[in-house]
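Chemist: Next comes data02.txt, compact mmCIF, C-alpha atoms and all ligand atoms:
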# COMPACT_ATOMS: atom_id res chain seq x y z
CA MET A 25 71.32 142.53 75.20
CA GLY A 26 73.59 141.14 77.94
CA GLU A 27 72.72 138.38 80.38
CA PRO A 28 69.86 139.20 82.80
CA GLN A 29 71.00 140.72 86.11
CA GLY A 30 72.30 138.00 88.45
CA HIS A 31 72.30 135.33 85.72
CA MET A 32 75.19 132.88 86.10
CA LYS A 33 76.40 130.79 83.19
CA ILE A 34 78.78 128.26 84.66
CA LEU A 35 81.21 126.41 82.41
CA VAL A 36 82.69 123.26 83.96
CA THR A 37 85.82 122.04 82.17
CA GLY A 38 86.59 118.36 82.79
CA GLY A 39 82.83 117.87 83.15
CA SER A 40 83.03 114.19 82.12
CA GLY A 41 85.55 113.17 84.81
CA LEU A 42 85.26 111.97 88.41
CA VAL A 43 84.73 115.43 89.93
CA GLY A 44 82.80 116.83 86.95
CA ARG A 45 80.28 113.97 87.07
CA ALA A 46 79.84 114.49 90.80
CA ILE A 47 79.07 118.19 90.29
CA GLN A 48 76.62 117.22 87.53
CA LYS A 49 74.85 114.87 89.93
CA VAL A 50 74.67 117.33 92.81
CA VAL A 51 73.32 120.05 90.49
CA ALA A 52 70.78 117.64 88.95
CA ASP A 53 69.71 116.50 92.43
CA GLY A 54 68.62 120.03 93.32
CA ALA A 55 71.68 122.11 94.19
CA GLY A 56 71.31 124.20 91.02
CA LEU A 57 69.51 127.52 91.65
CA PRO A 58 67.12 129.44 89.42
CA GLY A 59 69.20 131.86 87.35
CA GLU A 60 72.11 129.40 87.09
CA GLU A 61 72.86 127.71 83.78
CA TRP A 62 75.39 124.87 83.94
CA VAL A 63 77.43 123.76 80.92
CA PHE A 64 79.63 120.66 81.35
CA VAL A 65 82.29 120.05 78.70
CA SER A 66 84.85 117.33 77.97
CA SER A 67 87.79 117.00 75.59
CA LYS A 68 85.24 116.15 72.87
CA ASP A 69 83.95 119.75 73.02
CA ALA A 70 87.44 121.29 72.85
CA ASP A 71 91.01 120.14 73.35
CA LEU A 72 92.06 122.67 75.97
CA THR A 73 95.75 122.14 75.25
CA ASP A 74 94.99 124.00 72.02
CA ALA A 75 94.73 127.77 72.47
CA ALA A 76 92.47 128.33 69.42
CA GLN A 77 90.01 125.61 70.45
CA THR A 78 89.91 126.93 74.01
CA LYS A 79 89.28 130.47 72.83
CA ALA A 80 86.50 129.30 70.47
CA LEU A 81 84.83 127.36 73.30
CA PHE A 82 84.86 130.36 75.63
CA GLN A 83 83.62 132.70 72.91
CA LYS A 84 80.75 130.33 72.15
CA ILE A 85 79.71 129.73 75.78
CA GLN A 86 80.53 133.22 77.20
CA PRO A 87 80.66 131.89 80.78
CA THR A 88 80.16 134.31 83.66
CA HIS A 89 81.74 131.66 85.94
CA VAL A 90 84.11 128.74 85.37
CA ILE A 91 84.89 125.64 87.40
CA HIS A 92 88.15 124.45 85.87
CA LEU A 93 88.72 120.73 86.42
CA ALA A 94 90.22 119.55 83.11
CA ALA A 95 93.67 118.07 83.59
CA MET A 96 95.86 115.10 82.88
CA VAL A 97 95.27 113.18 86.11
CA GLY A 98 96.71 109.93 87.43
CA GLY A 99 97.73 107.98 90.48
CA LEU A 100 101.23 107.65 91.91
CA PHE A 101 102.49 105.15 89.33
CA ARG A 102 101.30 107.10 86.27
CA ASN A 103 102.90 110.24 87.73
CA ILE A 104 106.23 108.50 88.27
CA LYS A 105 106.27 107.43 84.58
CA TYR A 106 105.15 110.67 82.91
CA ASN A 107 106.36 113.70 84.89
CA LEU A 108 107.15 115.57 81.71
CA ASP A 109 103.69 115.06 80.21
CA PHE A 110 102.06 116.03 83.49
CA TRP A 111 103.87 119.34 83.15
CA ALA A 112 103.61 120.07 79.41
CA TYR A 113 103.88 118.79 75.87
CA HIS A 114 107.45 117.88 74.93
CA GLY A 115 107.13 116.96 71.29
CA SER A 116 109.02 113.67 71.39
CA LEU A 117 107.99 110.42 69.78
CA ILE A 118 107.18 109.10 73.25
CA ALA A 119 104.67 111.91 73.75
CA LEU A 120 103.12 111.35 70.34
CA ALA A 121 102.67 107.68 71.18
CA LEU A 122 100.70 108.52 74.32
CA PRO A 123 97.07 109.00 73.45
CA LEU A 124 96.20 110.44 76.84
CA GLN A 125 98.95 112.96 77.43
CA ARG A 126 97.25 116.19 78.40
CA LYS A 127 99.90 118.82 79.12
CA ASN A 128 98.57 120.55 82.18
CA VAL A 129 100.45 123.81 81.95
CA HIS A 130 98.96 124.53 78.51
CA ILE A 131 95.44 123.60 79.59
CA ASN A 132 95.62 125.92 82.60
CA ASP A 133 97.14 128.83 80.73
CA ASN A 134 94.61 128.54 77.89
CA VAL A 135 91.63 128.32 80.24
CA LEU A 136 92.64 131.26 82.44
CA HIS A 137 93.55 133.45 79.48
CA SER A 138 90.33 132.66 77.59
CA ALA A 139 88.27 133.30 80.73
CA PHE A 140 90.01 136.67 81.10
CA GLU A 141 89.39 137.53 77.44
CA VAL A 142 85.63 136.92 77.59
CA GLY A 143 85.26 138.75 80.92
CA THR A 144 84.45 135.73 83.11
CA ARG A 145 83.61 137.08 86.58
CA LYS A 146 85.03 134.17 88.58
CA VAL A 147 87.16 131.08 87.92
CA VAL A 148 87.60 128.30 90.47
CA SER A 149 90.47 126.00 89.48
CA CYS A 150 91.52 122.76 91.11
CA LEU A 151 94.87 122.16 92.80
CA SER A 152 95.68 119.11 94.97
CA THR A 153 97.33 118.47 98.34
CA CYS A 154 100.00 116.39 96.56
CA ILE A 155 101.50 119.65 95.20
CA PHE A 156 102.65 120.85 98.65
CA PRO A 157 106.32 120.66 99.66
CA ASP A 158 107.50 117.17 100.54
CA LYS A 159 109.59 118.34 103.49
CA THR A 160 107.16 120.27 105.63
CA THR A 161 105.57 120.63 109.03
CA TYR A 162 102.09 119.19 109.61
CA PRO A 163 99.29 119.90 109.21
CA ILE A 164 99.82 121.54 105.84
CA ASP A 165 97.85 124.74 105.25
CA GLU A 166 97.07 127.07 102.36
CA THR A 167 100.06 129.35 103.03
CA MET A 168 102.64 126.61 102.33
CA ILE A 169 102.18 125.83 98.60
CA HIS A 170 105.44 127.39 97.41
CA ASN A 171 107.62 126.69 100.46
CA GLY A 172 109.79 123.97 98.94
CA PRO A 173 110.01 121.27 96.25
CA PRO A 174 107.11 118.82 95.91
CA HIS A 175 107.60 115.05 96.26
CA SER A 176 109.80 113.77 93.42
CA SER A 177 107.18 111.25 92.25
CA ASN A 178 104.85 113.91 90.81
CA PHE A 179 106.85 117.09 90.34
CA GLY A 180 105.55 117.66 86.78
CA TYR A 181 101.91 117.70 87.89
CA SER A 182 102.74 119.65 91.05
CA TYR A 183 104.59 122.52 89.42
CA ALA A 184 101.93 122.81 86.69
CA LYS A 185 99.27 123.07 89.44
CA ARG A 186 101.34 125.50 91.52
CA MET A 187 101.53 127.82 88.51
CA ILE A 188 97.72 128.16 88.60
CA ASP A 189 98.12 129.84 91.98
CA VAL A 190 100.83 132.11 90.58
CA GLN A 191 98.58 133.06 87.65
CA ASN A 192 95.55 133.64 89.88
CA ARG A 193 97.50 136.12 91.98
CA ALA A 194 98.87 137.85 88.89
CA TYR A 195 95.45 138.14 87.20
CA PHE A 196 94.13 139.66 90.42
CA GLN A 197 97.05 142.04 90.90
CA GLN A 198 97.11 143.29 87.34
CA HIS A 199 93.42 143.09 86.36
CA GLY A 200 91.42 142.60 89.58
CA CYS A 201 90.13 139.17 88.44
CA THR A 202 88.52 136.83 90.96
CA PHE A 203 90.42 133.75 89.86
CA THR A 204 90.88 131.37 92.78
CA ALA A 205 91.50 127.66 93.46
CA VAL A 206 90.51 124.85 95.76
CA ILE A 207 92.91 122.21 97.09
CA PRO A 208 91.24 118.81 97.51
CA THR A 209 92.88 115.78 99.09
CA ASN A 210 92.61 112.33 97.38
CA VAL A 211 89.19 112.17 95.67
CA PHE A 212 87.21 109.01 94.92
CA GLY A 213 83.68 108.05 93.86
CA PRO A 214 81.55 106.94 90.90
CA TYR A 215 83.02 107.62 87.42
CA ASP A 216 86.60 107.46 88.75
CA ASN A 217 89.36 106.02 86.59
CA PHE A 218 89.48 102.36 87.74
CA ASN A 219 92.49 101.53 85.55
CA ILE A 220 94.89 99.65 87.81
CA GLU A 221 98.17 100.97 86.36
CA ASP A 222 97.12 104.60 85.83
CA GLY A 223 94.50 105.34 88.48
CA HIS A 224 94.54 106.34 92.13
CA VAL A 225 94.70 103.92 95.02
CA LEU A 226 91.00 103.46 95.91
CA PRO A 227 89.67 102.84 92.39
CA GLY A 228 92.72 100.63 91.75
CA LEU A 229 92.01 98.55 94.85
CA ILE A 230 88.30 98.29 94.03
CA HIS A 231 89.12 96.97 90.56
CA LYS A 232 91.77 94.60 91.93
CA VAL A 233 89.36 93.18 94.51
CA HIS A 234 86.76 92.70 91.78
CA LEU A 235 89.29 90.70 89.72
CA ALA A 236 90.57 88.76 92.76
CA LYS A 237 87.01 87.75 93.61
CA SER A 238 86.33 86.54 90.06
CA SER A 239 89.57 84.57 89.78
CA GLY A 240 89.85 83.38 93.39
CA SER A 241 93.30 84.96 93.72
CA ALA A 242 94.85 87.16 96.42
CA LEU A 243 94.52 90.95 96.57
CA THR A 244 97.91 92.62 96.20
CA VAL A 245 98.15 96.06 97.80
CA TRP A 246 101.12 98.00 96.45
CA GLY A 247 103.75 99.30 98.86
CA THR A 248 103.86 98.76 102.62
CA GLY A 249 100.31 99.96 103.33
CA LYS A 250 101.77 102.41 105.88
CA PRO A 251 101.42 105.76 104.02
CA ARG A 252 98.50 107.88 105.16
CA ARG A 253 95.86 109.75 103.13
CA GLN A 254 92.79 111.92 103.68
CA PHE A 255 90.13 110.79 101.21
CA ILE A 256 87.25 113.00 100.14
CA TYR A 257 84.12 111.58 98.49
CA SER A 258 83.52 113.18 95.10
CA LEU A 259 79.92 114.10 95.99
CA ASP A 260 81.07 115.95 99.14
CA LEU A 261 83.72 117.74 97.09
CA ALA A 262 81.05 118.67 94.53
CA ARG A 263 78.89 120.32 97.20
CA LEU A 264 81.92 122.24 98.49
CA PHE A 265 82.91 123.32 94.97
CA ILE A 266 79.44 124.82 94.46
CA TRP A 267 79.74 126.67 97.76
CA VAL A 268 83.16 128.06 96.73
CA LEU A 269 81.75 129.15 93.39
CA ARG A 270 78.89 131.05 94.99
CA GLU A 271 80.25 132.26 98.32
CA TYR A 272 84.05 132.21 98.57
CA SER A 273 85.59 135.51 97.47
CA GLU A 274 89.29 135.15 98.32
CA VAL A 275 91.98 134.71 95.65
CA GLU A 276 93.96 132.63 98.15
CA PRO A 277 93.14 128.95 97.68
CA ILE A 278 91.19 126.89 100.20
CA ILE A 279 91.87 123.28 101.23
CA LEU A 280 88.80 121.04 100.85
CA SER A 281 89.42 118.08 103.11
CA VAL A 282 88.09 115.92 105.87
CA GLY A 283 89.74 116.56 109.24
CA GLU A 284 93.18 115.36 110.26
CA GLU A 285 91.50 112.81 112.54
CA ASP A 286 89.94 111.16 109.48
CA GLU A 287 93.27 110.38 107.81
CA VAL A 288 93.65 106.61 107.21
CA SER A 289 96.55 104.35 106.26
CA ILE A 290 96.57 102.64 102.84
CA LYS A 291 96.15 99.37 104.76
CA GLU A 292 92.98 100.71 106.42
CA ALA A 293 91.72 101.96 103.04
CA ALA A 294 92.30 98.49 101.57
CA GLU A 295 90.43 96.93 104.51
CA ALA A 296 87.46 99.24 103.83
CA VAL A 297 87.39 98.10 100.18
CA VAL A 298 87.74 94.43 101.18
CA GLU A 299 84.81 94.78 103.60
CA ALA A 300 82.62 96.72 101.16
CA MET A 301 83.23 94.20 98.36
CA GLY A 302 82.71 91.16 100.64
CA PHE A 303 86.16 89.79 99.75
CA HIS A 304 87.32 86.83 101.85
CA GLY A 305 90.59 85.97 100.07
CA GLU A 306 94.20 86.60 101.07
CA VAL A 307 95.57 90.19 101.20
CA THR A 308 99.29 90.67 100.47
CA PHE A 309 101.57 93.72 100.26
CA ASP A 310 104.04 94.13 97.39
CA THR A 311 106.79 96.11 99.10
CA THR A 312 108.84 96.28 95.89
CA LYS A 313 106.33 98.93 94.73
CA SER A 314 106.71 102.57 95.74
CA ASP A 315 104.94 104.01 98.78
CA GLY A 316 105.11 107.50 97.25
CA GLN A 317 104.72 110.40 99.65
CA PHE A 318 104.37 109.08 103.21
CA LYS A 319 101.70 111.59 104.14
CA LYS A 320 100.41 115.02 103.20
CA THR A 321 98.18 115.68 106.19
CA ALA A 322 96.23 118.85 105.51
CA SER A 323 94.33 121.18 107.82
CA ASN A 324 90.71 121.91 107.00
CA GLY A 325 90.76 124.71 109.59
CA LYS A 326 90.09 127.43 107.02
CA LEU A 327 87.15 125.49 105.56
CA ARG A 328 85.80 124.96 109.09
CA THR A 329 85.88 128.68 109.85
CA TYR A 330 83.58 129.22 106.86
CA LEU A 331 81.48 126.04 107.15
CA PRO A 332 81.70 124.70 110.70
CA ASN A 333 78.73 122.37 110.22
CA PHE A 334 79.52 120.78 106.85
CA GLN A 335 78.87 117.04 107.11
CA PHE A 336 81.21 114.72 105.23
CA THR A 337 79.90 111.31 104.15
CA PRO A 338 81.47 108.69 106.46
CA PHE A 339 84.44 107.05 104.69
CA LYS A 340 83.11 103.48 104.85
CA GLN A 341 79.70 104.54 103.50
CA ALA A 342 81.32 106.43 100.60
CA VAL A 343 83.59 103.44 99.83
CA LYS A 344 80.56 101.14 99.87
CA GLU A 345 78.62 103.43 97.48
CA THR A 346 81.62 103.59 95.12
CA CYS A 347 82.09 99.80 95.15
CA THR A 348 78.38 99.32 94.41
CA TRP A 349 78.58 101.81 91.55
CA PHE A 350 81.63 100.02 90.08
CA THR A 351 80.02 96.59 90.32
CA ASN A 352 76.75 97.84 88.79
CA ASN A 353 78.52 99.77 86.01
CA TYR A 354 81.42 97.41 85.34
CA GLU A 355 81.02 97.41 81.55
CA GLN A 356 80.98 101.21 81.14
CA ALA A 357 83.43 102.10 83.94
CA ARG A 358 86.79 103.61 82.91
CA LYS A 359 89.24 100.78 83.47
P1 LIG B 1 89.43 112.73 85.55
O1 LIG B 1 88.32 111.88 86.06
O2 LIG B 1 90.60 112.09 84.95
O3 LIG B 1 88.79 113.74 84.50
C1 LIG B 1 89.62 114.61 83.77
C2 LIG B 1 88.73 115.52 82.95
O4 LIG B 1 89.57 116.42 82.22
C3 LIG B 1 87.88 114.76 81.92
O5 LIG B 1 86.64 115.41 81.83
C4 LIG B 1 88.69 114.96 80.63
O6 LIG B 1 87.88 114.91 79.46
C5 LIG B 1 89.21 116.36 80.85
N1 LIG B 1 90.39 116.63 80.02
C6 LIG B 1 91.61 116.05 80.12
N2 LIG B 1 92.44 116.53 79.16
C7 LIG B 1 91.71 117.43 78.45
C8 LIG B 1 92.00 118.24 77.32
N3 LIG B 1 93.19 118.23 76.73
N4 LIG B 1 91.02 119.06 76.85
C9 LIG B 1 89.80 119.07 77.45
N5 LIG B 1 89.46 118.34 78.51
C10 LIG B 1 90.42 117.51 79.01
O7 LIG B 1 89.97 113.70 86.69
P2 LIG B 1 89.32 114.11 88.10
O8 LIG B 1 89.83 113.14 89.10
O9 LIG B 1 87.87 114.36 87.95
O10 LIG B 1 90.09 115.46 88.37
C11 LIG B 1 89.44 116.72 88.27
C12 LIG B 1 90.36 117.78 88.85
O11 LIG B 1 90.58 117.49 90.23
C13 LIG B 1 91.74 117.83 88.19
O12 LIG B 1 92.13 119.18 88.02
C14 LIG B 1 92.64 117.13 89.20
O13 LIG B 1 93.95 117.58 89.10
C15 LIG B 1 91.97 117.51 90.49
N6 LIG B 1 92.24 116.61 91.63
C16 LIG B 1 91.93 115.29 91.51
C17 LIG B 1 92.20 114.45 92.59
C18 LIG B 1 91.87 112.97 92.54
O14 LIG B 1 92.20 112.26 93.51
N7 LIG B 1 91.25 112.46 91.49
C19 LIG B 1 92.74 114.97 93.77
C20 LIG B 1 93.01 116.33 93.85
C21 LIG B 1 92.76 117.15 92.76
P3 LIG B 1 87.62 113.49 78.67
O15 LIG B 1 86.67 112.72 79.53
O16 LIG B 1 87.02 113.91 77.38
O17 LIG B 1 88.97 112.83 78.54
P1 LIG B 2 99.03 109.71 95.77
O1 LIG B 2 98.09 109.90 96.93
O2 LIG B 2 99.19 110.94 94.97
O3 LIG B 2 100.35 109.13 96.20
O4 LIG B 2 98.39 108.68 94.74
P2 LIG B 2 97.57 107.32 94.82
O5 LIG B 2 96.12 107.59 94.97
O6 LIG B 2 98.00 106.57 93.60
O7 LIG B 2 98.04 106.54 96.15
C1 LIG B 2 99.32 105.98 96.21
C2 LIG B 2 99.52 105.21 97.51
O8 LIG B 2 98.68 104.04 97.54
C3 LIG B 2 100.95 104.69 97.60
O9 LIG B 2 101.32 104.56 98.97
C4 LIG B 2 100.83 103.31 96.95
O10 LIG B 2 101.89 102.45 97.33
C5 LIG B 2 99.49 102.86 97.52
N1 LIG B 2 98.79 101.82 96.73
C6 LIG B 2 98.48 100.57 97.16
N2 LIG B 2 97.85 99.87 96.21
C7 LIG B 2 97.71 100.71 95.15
C8 LIG B 2 97.09 100.57 93.87
O11 LIG B 2 96.55 99.54 93.50
N3 LIG B 2 97.12 101.66 93.05
C9 LIG B 2 97.70 102.84 93.43
N4 LIG B 2 97.67 103.88 92.59
N5 LIG B 2 98.31 103.00 94.63
C10 LIG B 2 98.31 101.94 95.48
Re-express the file's structure as structure tokens.
Ligand code: NAP
Ligand code: GDP

Modeler:
Amino acid sequence: MGEPQGHMKILVTGGSGLVGRAIQKVVADGAGLPGEEWVFVSSKDADLTDAAQTKALFQKIQPTHVIHLAAMVGGLFRNIKYNLDFWAYHGSLIALALPLQRKNVHINDNVLHSAFEVGTRKVVSCLSTCIFPDKTTYPIDETMIHNGPPHSSNFGYSYAKRMIDVQNRAYFQQHGCTFTAVIPTNVFGPYDNFNIEDGHVLPGLIHKVHLAKSSGSALTVWGTGKPRRQFIYSLDLARLFIWVLREYSEVEPIILSVGEEDEVSIKEAAEAVVEAMGFHGEVTFDTTKSDGQFKKTASNGKLRTYLPNFQFTPFKQAVKETCTWFTNNYEQARK
């Protein structure tokens, strides 16, 4: 007996992370449909860098659909330190000493191959706008992924992610698989990694403001504050992911982003955190720290042709909700 007609069994890898938790919440809040069964997994269920464990997971779950989020993820400063690990395992003592090294190219290859083997009908993987060429025209669009080298700060992560797009096209060309990918901009929200050294800018700033408030010290923003980013709230991204899973049938990836007009500087992002946290202390900029990529302004034109009326949560509201979540969940938050 196979699955009933129309039944969807959706496996979400990386289900315990920032984006995975947001999809869990949106599904639990009513976005899940009758006939859909959602299975969220973390590294505790299977280490996806390991081909045998990945295969066993897919054979056990037999997903008809996969949202593939699992990855070694980090902010600018973690990427600068560990480009090799962001690409793949390298077997050195340094790698063995790193408990969190995740080896993205292995994870992606194992997941796509296991999905193919069990006959998964659709896989939606996750790329990122930081994988686009560094020297480019703006706004960046979906056609430009392979046009030139990525920014030097995160080339390991970027090339590993770009290879997902290569594999998706190859699985389609050779086997007709609907394996596709989305390209989100900088994501933030509840359950983010608030570790200051390893995490992304918004969770890092939220944690730093929390500490500055408790100790009465200044907030130090790293870099000049001039680089620009488009931030997407994890709960908005979750709703878009579910739409892509159900409705989007192209193999070509799709950028999931707020509009170009909603891009903000790091200084403006820091001001939003300061306001949301009610911080009244001094704010300084440590210009000895890297600015990373100056900007990676992406077009959401393709998304808008499909979903002209999608409403993004206003940035300040989403920052406020994330700050409240962090303050209320300080003990359990990843930090
Ligand atoms: P995250 O919070 O760090 O979560 C990572 C997830 O991957 C966790 O569930 C983790 O499981 C799982 N994972 C890591 N290594 C694994 C392994 N070896 N085997 C099995 N599972 C493993 O990351 P996120 O921010 O939600 O990112 C989700 C996706 O979005 C990633 O593909 C990322 O590249 C992409 N993305 C993120 C951003 C952003 O700003 N955060 C922007 C663009 C794209 P454990 O909890 O068990 O460790
Ligand atoms: P990126 O968007 O991939 O570059 O990654 P991030 O989310 O880590 O953002 C990096 C940008 O934020 C750079 O311009 C940093 O100089 C700036 N920034 C300012 N303060 C912080 C901080 O506390 N943590 C991080 N990760 N970046 C910061």

Chemist: Using atom CA of Ser323 of chain A and atom C18 of ligand LIG 1 (chain B) as the two end points, give the distance in Å to one decimal.

Modeler: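 That distance, rounded to one decimal, is 17.5 Å.
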
Chemist: How big is the axis-aligned box, and where does its centre sit, when it encloses all atoms of ligand LIG 1 (chain B) listed in the file and has 5 Å added on every side, reported in Å to one decimal as lines of an AutoDock Vina configuration file?

Modeler:
center_x = 90.3
center_y = 115.5
center_z = 85.3
size_x = 17.3
size_y = 17.3
size_z = 27.1

Chemist: For the point (87.7, 81.2, 98.6) in file coordinates, what residues are within 7 Å, counting all atoms listed in the file? Give the answer as a count of residues only?

Modeler: 3

Chemist: Taking only C-alpha atoms and all ligand atoms and a cut-off of 7 Å, can you tell me which residues surround ligand LIG 2 (chain B), written as a VMD selection string?

Modeler: chain A and resid 99 to 101 154 210 220 to 226 228 to 229 245 to 249 251 253 290 313 to 318

Chemist: Could the residues in this selection be saved with C-alpha atoms as a PDB file, in the coordinates of the input?

Modeler:
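Wrote result.pdb, looks like this:
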ATOM      1  CA  GLY A  99      97.730 107.980  90.480  1.00  0.00           C
ATOM      2  CA  LEU A 100     101.230 107.650  91.910  1.00  0.00           C
ATOM      3  CA  PHE A 101     102.490 105.150  89.330  1.00  0.00           C
ATOM      4  CA  CYS A 154     100.000 116.390  96.560  1.00  0.00           C
ATOM      5  CA  ASN A 210      92.610 112.330  97.380  1.00  0.00           C
ATOM      6  CA  ILE A 220      94.890  99.650  87.810  1.00  0.00           C
ATOM      7  CA  GLU A 221      98.170 100.970  86.360  1.00  0.00           C
ATOM      8  CA  ASP A 222      97.120 104.600  85.830  1.00  0.00           C
ATOM      9  CA  GLY A 223      94.500 105.340  88.480  1.00  0.00           C
ATOM     10  CA  HIS A 224      94.540 106.340  92.130  1.00  0.00           C
ATOM     11  CA  VAL A 225      94.700 103.920  95.020  1.00  0.00           C
ATOM     12  CA  LEU A 226      91.000 103.460  95.910  1.00  0.00           C
ATOM     13  CA  GLY A 228      92.720 100.630  91.750  1.00  0.00           C
ATOM     14  CA  LEU A 229      92.010  98.550  94.850  1.00  0.00           C
ATOM     15  CA  VAL A 245      98.150  96.060  97.800  1.00  0.00           C
ATOM     16  CA  TRP A 246     101.120  98.000  96.450  1.00  0.00           C
ATOM     17  CA  GLY A 247     103.750  99.300  98.860  1.00  0.00           C
ATOM     18  CA  THR A 248     103.860  98.760 102.620  1.00  0.00           C
ATOM     19  CA  GLY A 249     100.310  99.960 103.330  1.00  0.00           C
ATOM     20  CA  PRO A 251     101.420 105.760 104.020  1.00  0.00           C
ATOM     21  CA  ARG A 253      95.860 109.750 103.130  1.00  0.00           C
ATOM     22  CA  ILE A 290      96.570 102.640 102.840  1.00  0.00           C
ATOM     23  CA  LYS A 313     106.330  98.930  94.730  1.00  0.00           C
ATOM     24  CA  SER A 314     106.710 102.570  95.740  1.00  0.00           C
ATOM     25  CA  ASP A 315     104.940 104.010  98.780  1.00  0.00           C
ATOM     26  CA  GLY A 316     105.110 107.500  97.250  1.00  0.00           C
ATOM     27  CA  GLN A 317     104.720 110.400  99.650  1.00  0.00           C
ATOM     28  CA  PHE A 318     104.370 109.080 103.210  1.00  0.00           C
TER      29      PHE A 318
END

Chemist: Starting from the point (81.5, 133.0, 78.3), work out which residues of protein, DNA or RNA have an atom no more than 8 Å away when counting all atoms listed in the file; state them as a count of residues only.

Modeler: 14

Chemist: Do a neighbour search on Phe110 of chain A at 10 Å with all atoms listed in the file, toss out local chain neighbours closer than 2 positions, and write the hits as a PDB file with C-alpha atoms, in the frame of the given file.

Modeler:
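For reference, out33.pdb as written:
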ATOM      1  CA  ALA A  95      93.670 118.070  83.590  1.00  0.00           C
ATOM      2  CA  MET A  96      95.860 115.100  82.880  1.00  0.00           C
ATOM      3  CA  VAL A  97      95.270 113.180  86.110  1.00  0.00           C
ATOM      4  CA  GLY A  98      96.710 109.930  87.430  1.00  0.00           C
ATOM      5  CA  ARG A 102     101.300 107.100  86.270  1.00  0.00           C
ATOM      6  CA  ASN A 103     102.900 110.240  87.730  1.00  0.00           C
ATOM      7  CA  ILE A 104     106.230 108.500  88.270  1.00  0.00           C
ATOM      8  CA  LYS A 105     106.270 107.430  84.580  1.00  0.00           C
ATOM      9  CA  TYR A 106     105.150 110.670  82.910  1.00  0.00           C
ATOM     10  CA  ASN A 107     106.360 113.700  84.890  1.00  0.00           C
ATOM     11  CA  LEU A 108     107.150 115.570  81.710  1.00  0.00           C
ATOM     12  CA  ALA A 112     103.610 120.070  79.410  1.00  0.00           C
ATOM     13  CA  TYR A 113     103.880 118.790  75.870  1.00  0.00           C
ATOM     14  CA  GLN A 125      98.950 112.960  77.430  1.00  0.00           C
ATOM     15  CA  ARG A 126      97.250 116.190  78.400  1.00  0.00           C
ATOM     16  CA  LYS A 127      99.900 118.820  79.120  1.00  0.00           C
ATOM     17  CA  ASN A 128      98.570 120.550  82.180  1.00  0.00           C
ATOM     18  CA  VAL A 129     100.450 123.810  81.950  1.00  0.00           C
ATOM     19  CA  ASN A 178     104.850 113.910  90.810  1.00  0.00           C
ATOM     20  CA  PHE A 179     106.850 117.090  90.340  1.00  0.00           C
ATOM     21  CA  GLY A 180     105.550 117.660  86.780  1.00  0.00           C
ATOM     22  CA  TYR A 181     101.910 117.700  87.890  1.00  0.00           C
ATOM     23  CA  SER A 182     102.740 119.650  91.050  1.00  0.00           C
ATOM     24  CA  TYR A 183     104.590 122.520  89.420  1.00  0.00           C
ATOM     25  CA  ALA A 184     101.930 122.810  86.690  1.00  0.00           C
ATOM     26  CA  LYS A 185      99.270 123.070  89.440  1.00  0.00           C
TER      27      LYS A 185
END
